[in-house]
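Shown here: input_25.cif, mmCIF, C-alpha atoms.
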```cif
data_coords
loop_
_atom_site.label_atom_id
_atom_site.label_comp_id
_atom_site.auth_asym_id
_atom_site.auth_seq_id
_atom_site.Cartn_x
_atom_site.Cartn_y
_atom_site.Cartn_z
CA MET T 179 -26.72 -11.86 1.38
CA ASP T 180 -28.08 -8.91 -0.51
CA ARG T 181 -26.13 -6.93 -3.08
CA THR T 182 -24.86 -4.33 -0.60
CA GLU T 183 -23.50 -7.01 1.73
CA VAL T 184 -21.72 -8.78 -1.14
CA VAL T 185 -20.13 -5.54 -2.36
CA ALA T 186 -19.13 -4.63 1.20
CA SER T 187 -17.56 -8.06 1.64
CA VAL T 188 -15.44 -7.70 -1.51
CA ALA T 189 -14.48 -4.14 -0.54
CA GLY T 190 -13.49 -5.34 2.93
CA ASP T 191 -11.33 -8.12 1.47
CA LEU T 192 -9.71 -5.66 -0.92
CA HIS T 193 -8.95 -3.25 1.91
CA ALA T 194 -7.55 -6.07 4.06
CA THR T 195 -5.29 -7.17 1.21
CA GLU T 196 -4.03 -3.62 0.64
CA HIS T 197 -3.36 -3.30 4.36
CA ALA T 198 -1.55 -6.65 4.52
CA ILE T 199 0.76 -5.69 1.66
CA ASP T 200 1.55 -2.35 3.30
CA ALA T 201 2.25 -4.13 6.60
CA ALA T 202 4.54 -6.60 4.84
CA ILE T 203 6.47 -3.74 3.21
CA THR T 204 6.84 -2.07 6.60
CA GLN T 205 8.09 -5.28 8.20
CA ALA T 206 10.52 -6.03 5.37
CA THR T 207 12.04 -2.54 5.56
CA THR T 208 12.39 -2.98 9.31
CA LEU T 209 14.30 -6.20 8.62
CA VAL T 210 16.78 -4.38 6.36
CA GLN T 211 17.17 -1.71 9.01
CA SER T 212 17.89 -4.46 11.54
CA PHE T 213 20.58 -5.92 9.26
CA ILE T 214 22.30 -2.57 9.04
CA GLY T 215 21.94 -1.83 12.74
CA ALA T 216 23.20 -5.26 13.77
CA ARG T 217 26.22 -4.98 11.50
CA ALA T 218 27.05 -1.57 13.00
CA ALA T 219 26.47 -2.75 16.58
CA LEU T 220 28.76 -5.73 16.06
CA SER T 221 31.37 -3.64 14.19
CA LEU T 222 31.20 -5.92 11.18
CA SER T 223 32.38 -5.11 7.69
CA PRO T 224 29.81 -3.70 5.23
CA VAL T 225 30.34 -6.80 3.08
CA THR T 226 29.09 -9.05 5.89
CA ALA T 227 25.68 -10.56 5.09
CA THR T 228 25.49 -8.69 1.80
CA ALA T 229 23.72 -11.60 0.09
CA SER T 230 21.04 -11.97 2.74
CA GLN T 231 20.44 -8.22 2.88
CA SER T 232 20.19 -8.16 -0.91
CA LYS T 233 17.53 -10.91 -0.78
CA ALA T 234 15.57 -8.88 1.76
CA MET T 235 15.71 -5.88 -0.60
CA GLU T 236 14.52 -8.09 -3.45
CA THR T 237 11.58 -8.98 -1.24
CA ILE T 238 10.77 -5.29 -0.79
CA ALA T 239 10.86 -4.82 -4.57
CA ALA T 240 8.49 -7.77 -5.02
CA LEU T 241 6.15 -6.35 -2.39
CA ALA T 242 6.22 -2.99 -4.17
CA ALA T 243 5.15 -4.76 -7.37
CA ALA T 244 2.39 -6.52 -5.42
CA ARG T 245 1.21 -3.18 -4.05
CA GLU T 246 1.11 -1.70 -7.53
CA ALA T 247 -0.89 -4.70 -8.73
CA ILE T 248 -3.45 -4.50 -5.90
CA VAL T 249 -3.90 -0.78 -6.53
CA ALA T 250 -4.54 -1.57 -10.20
CA CYS T 251 -6.98 -4.28 -9.10
CA HIS T 252 -8.74 -1.69 -6.95
CA ALA T 253 -9.09 0.61 -9.95
CA GLU T 254 -10.46 -2.20 -12.13
CA LEU T 255 -12.94 -3.27 -9.46
CA GLN T 256 -14.11 0.31 -9.22
CA LYS T 257 -14.70 0.38 -12.98
CA ASP T 258 -16.45 -3.02 -12.86
CA HIS T 259 -18.68 -1.80 -10.07
CA ARG T 260 -19.84 1.14 -12.15
CA ARG T 261 -20.13 -0.93 -15.35
CA VAL T 262 -22.60 -3.35 -13.77
CA GLY T 263 -24.68 -0.42 -12.57
CA TYR T 264 -24.07 -0.43 -8.84
CA GLY T 265 -23.10 3.24 -8.72
CA THR T 266 -20.50 4.63 -6.38
CA TYR T 267 -19.42 2.61 -3.39
CA ALA T 268 -16.67 3.47 -0.92
CA ALA T 269 -15.40 1.46 1.99
CA GLY T 270 -12.38 1.70 4.22
CA PRO T 271 -11.06 4.10 6.80
CA ILE T 272 -9.49 6.71 4.50
CA GLY T 273 -10.49 8.72 1.48
CA LYS T 274 -9.29 7.31 -1.80
CA PRO T 275 -8.57 9.63 -4.70
CA ASP T 276 -9.68 8.56 -8.14
CA ASP T 277 -6.38 9.64 -9.70
CA TRP T 278 -6.38 6.76 -12.16
CA LEU T 279 -9.88 7.64 -13.40
CA ASP T 280 -9.70 11.43 -13.53
CA PRO T 281 -6.24 12.80 -12.69
CA GLN T 282 -6.35 16.43 -11.63
CA PRO T 283 -3.59 18.53 -10.09
CA ARG T 284 -4.08 19.34 -6.43
CA ASP T 285 -4.19 23.05 -5.67
CA THR T 286 -2.86 23.45 -2.15
CA LYS T 287 -2.63 27.24 -2.16
CA ASP T 288 -6.27 28.08 -1.49
CA THR T 289 -7.49 24.84 0.04
CA LYS T 290 -6.32 23.15 3.16
CA VAL T 291 -5.18 19.62 2.31
CA SER T 292 -4.91 17.23 5.21
CA ASN T 293 -1.78 15.14 5.32
CA HIS T 294 -2.60 11.54 6.17
CA LEU T 295 1.06 10.67 6.74
CA ARG T 296 2.40 10.83 10.23
CA THR T 297 5.83 10.96 11.81
CA VAL T 298 6.98 7.88 13.66
CA ALA T 299 9.50 8.06 16.48
#
```
As a first step, turn the structure in this file into C-alpha coordinates.
Amino acid sequence: MDRTEVVASVAGDLHATEHAIDAAITQATTLVQSFIGARAALSLSPVTATASQSKAMETIAALAAAREAIVACHAELQKDHRRVGYGTYAAGPIGKPDDWLDPQPRDTKDTKVSNHLRTVA
(Lines of atoms letter the chains of each structure in order from A and count residues from 1; the text may use other names and numbers.)
(Lines give C-alpha, C1' and ligand atoms only; values in the text may rest on other atoms or scores of the structure.)
Protein backbone atom coordinates (compact mmCIF):
# COMPACT_ATOMS: atom_id res chain seq x y z
CA MET A 1 0.00 0.00 0.00
CA ASP A 2 1.15 3.51 -0.68
CA ARG A 3 1.09 6.33 1.86
CA THR A 4 -2.35 7.61 0.86
CA GLU A 5 -3.90 4.16 1.23
CA VAL A 6 -2.34 3.69 4.68
CA VAL A 7 -3.57 7.08 5.87
CA ALA A 8 -7.03 6.39 4.43
CA SER A 9 -7.11 3.04 6.22
CA VAL A 10 -6.29 4.61 9.59
CA ALA A 11 -8.81 7.41 8.98
CA GLY A 12 -11.46 4.84 8.08
CA ASP A 13 -10.77 2.85 11.25
CA LEU A 14 -10.92 6.03 13.32
CA HIS A 15 -14.24 7.02 11.76
CA ALA A 16 -15.64 3.51 12.30
CA THR A 17 -14.61 3.62 15.96
CA GLU A 18 -16.22 7.04 16.45
CA HIS A 19 -19.38 5.76 14.79
CA ALA A 20 -19.43 2.59 16.91
CA ILE A 21 -19.15 4.57 20.14
CA ASP A 22 -21.96 6.91 19.07
CA ALA A 23 -24.12 3.89 18.15
CA ALA A 24 -23.40 2.30 21.54
CA ILE A 25 -24.42 5.51 23.32
CA THR A 26 -27.64 5.60 21.31
CA GLN A 27 -28.42 1.99 22.13
CA ALA A 28 -27.64 2.40 25.83
CA THR A 29 -29.91 5.44 26.12
CA THR A 30 -32.64 3.46 24.37
CA LEU A 31 -32.20 0.76 27.01
CA VAL A 32 -32.74 3.28 29.83
CA GLN A 33 -35.79 4.59 28.02
CA SER A 34 -37.07 1.01 27.80
CA PHE A 35 -36.59 0.54 31.55
CA ILE A 36 -38.65 3.62 32.26
CA GLY A 37 -41.32 2.76 29.70
CA ALA A 38 -41.62 -0.83 30.91
CA ARG A 39 -41.96 0.28 34.52
CA ALA A 40 -44.72 2.72 33.54
CA ALA A 41 -46.49 0.17 31.32
CA LEU A 42 -46.49 -2.39 34.12
CA SER A 43 -47.49 0.20 36.75
CA LEU A 44 -44.45 -0.61 38.85
CA SER A 45 -42.97 1.54 41.57
CA PRO A 46 -40.15 3.93 40.61
CA VAL A 47 -37.86 2.00 42.97
CA THR A 48 -38.31 -1.18 40.91
CA ALA A 49 -35.13 -2.11 39.01
CA THR A 50 -33.33 0.97 40.30
CA ALA A 51 -30.02 -0.90 40.55
CA SER A 52 -30.13 -2.25 37.00
CA GLN A 53 -31.17 1.12 35.59
CA SER A 54 -28.35 2.76 37.53
CA LYS A 55 -25.85 0.30 35.99
CA ALA A 56 -27.17 1.15 32.53
CA MET A 57 -26.63 4.85 33.28
CA GLU A 58 -23.10 4.07 34.48
CA THR A 59 -22.56 2.44 31.10
CA ILE A 60 -23.67 5.63 29.35
CA ALA A 61 -21.20 7.63 31.45
CA ALA A 62 -18.40 5.21 30.52
CA LEU A 63 -19.34 5.49 26.85
CA ALA A 64 -19.29 9.28 27.14
CA ALA A 65 -15.74 9.04 28.52
CA ALA A 66 -14.82 6.72 25.64
CA ARG A 67 -16.24 9.22 23.16
CA GLU A 68 -14.23 12.02 24.71
CA ALA A 69 -11.10 9.86 24.50
CA ILE A 70 -11.61 8.95 20.82
CA VAL A 71 -12.19 12.61 19.96
CA ALA A 72 -8.91 13.44 21.72
CA CYS A 73 -7.26 10.60 19.80
CA HIS A 74 -8.62 12.12 16.59
CA ALA A 75 -7.07 15.47 17.48
CA GLU A 76 -3.71 13.87 18.29
CA LEU A 77 -3.72 11.86 15.05
CA GLN A 78 -4.42 15.06 13.17
CA LYS A 79 -1.41 16.70 14.82
CA ASP A 80 0.77 13.63 14.15
CA HIS A 81 -0.28 13.64 10.52
CA ARG A 82 0.88 17.22 10.11
CA ARG A 83 4.05 16.68 12.17
CA VAL A 84 5.28 13.91 9.88
CA GLY A 85 4.69 16.14 6.88
CA TYR A 86 1.67 14.56 5.25
CA GLY A 87 -0.29 17.81 5.10
CA THR A 88 -4.03 18.01 5.51
CA TYR A 89 -6.11 14.89 5.13
CA ALA A 90 -9.85 14.56 5.71
CA ALA A 91 -11.99 11.47 5.52
CA GLY A 92 -15.50 10.67 6.59
CA PRO A 93 -18.99 11.72 5.62
CA ILE A 94 -19.22 15.00 7.55
CA GLY A 95 -17.16 18.12 8.01
CA LYS A 96 -15.08 18.16 11.15
CA PRO A 97 -14.27 21.46 12.83
CA ASP A 98 -10.76 21.95 14.15
CA ASP A 99 -12.06 23.47 17.39
CA TRP A 100 -9.30 21.88 19.45
CA LEU A 101 -6.59 23.31 17.19
CA ASP A 102 -7.93 26.81 16.53
CA PRO A 103 -11.11 27.59 18.47
CA GLN A 104 -13.07 30.45 16.94
CA PRO A 105 -16.57 31.62 17.76
CA ARG A 106 -19.15 30.85 15.11
CA ASP A 107 -20.92 33.90 13.74
CA THR A 108 -24.38 32.75 12.70
CA LYS A 109 -25.83 36.20 12.01
CA ASP A 110 -24.37 36.80 8.56
CA THR A 111 -23.59 33.26 7.48
CA LYS A 112 -25.93 30.39 7.02
CA VAL A 113 -24.80 27.49 9.22
CA SER A 114 -26.19 24.10 8.34
CA ASN A 115 -27.45 22.06 11.24
CA HIS A 116 -26.30 18.47 10.94
CA LEU A 117 -28.64 17.31 13.72
CA ARG A 118 -31.99 15.96 12.76
CA THR A 119 -35.26 15.30 14.54
CA VAL A 120 -36.20 11.70 15.11
CA ALA A 121 -39.81 10.60 15.47
query = Between atom CA of T:Ala202 and atom CA of T:Gln256, what is the distance, to one decimal in Å?
reply =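 If I compute the distance from atom CA of T:Ala202 to atom CA of T:Gln256, I get 24.4 Å.
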The PyMOL selection byres ((chain T and resi 225-239) around 8) on the file shown: which residues, as an MDAnalysis selection string? chainID T and resid 203 206:207 209:210 213 217 222:224 240:243
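Taking atom CA of T:Ile214 as the reference point, atom CA of T:Ala244 is found at 24.9 Å.
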Best match for closeness to T:Ala194 among T:His259, T:Ile248, T:Thr182, T:Thr208, counting all atoms listed in the file: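 Ranking T:His259, T:Ile248, T:Thr182, T:Thr208 by distance to T:Ala194, first place goes to T:Ile248.
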As a check of understanding: the span from atom CA of T:Val184 to atom CA of T:Arg260 is 14.9 Å
Across T:Leu220, T:Ala201, T:Met179, T:Ala189, the smallest distance to T:Ala253, with all atoms listed in the file counted, is shown by T:Ala189
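With only the atoms specified (only C-alpha atoms) counting, those residues at most 12 Å away from (-6.1, -4.9, 4.2) are Val188, Ala189, Gly190, Asp191, Leu192, His193, Ala194, Thr195, Glu196, His197, Ala198, Ile199, Asp200, Ala201, Ala202, Arg245, Ile248, Val249, His252, Ala269, Gly270 and Pro271 of chain T.
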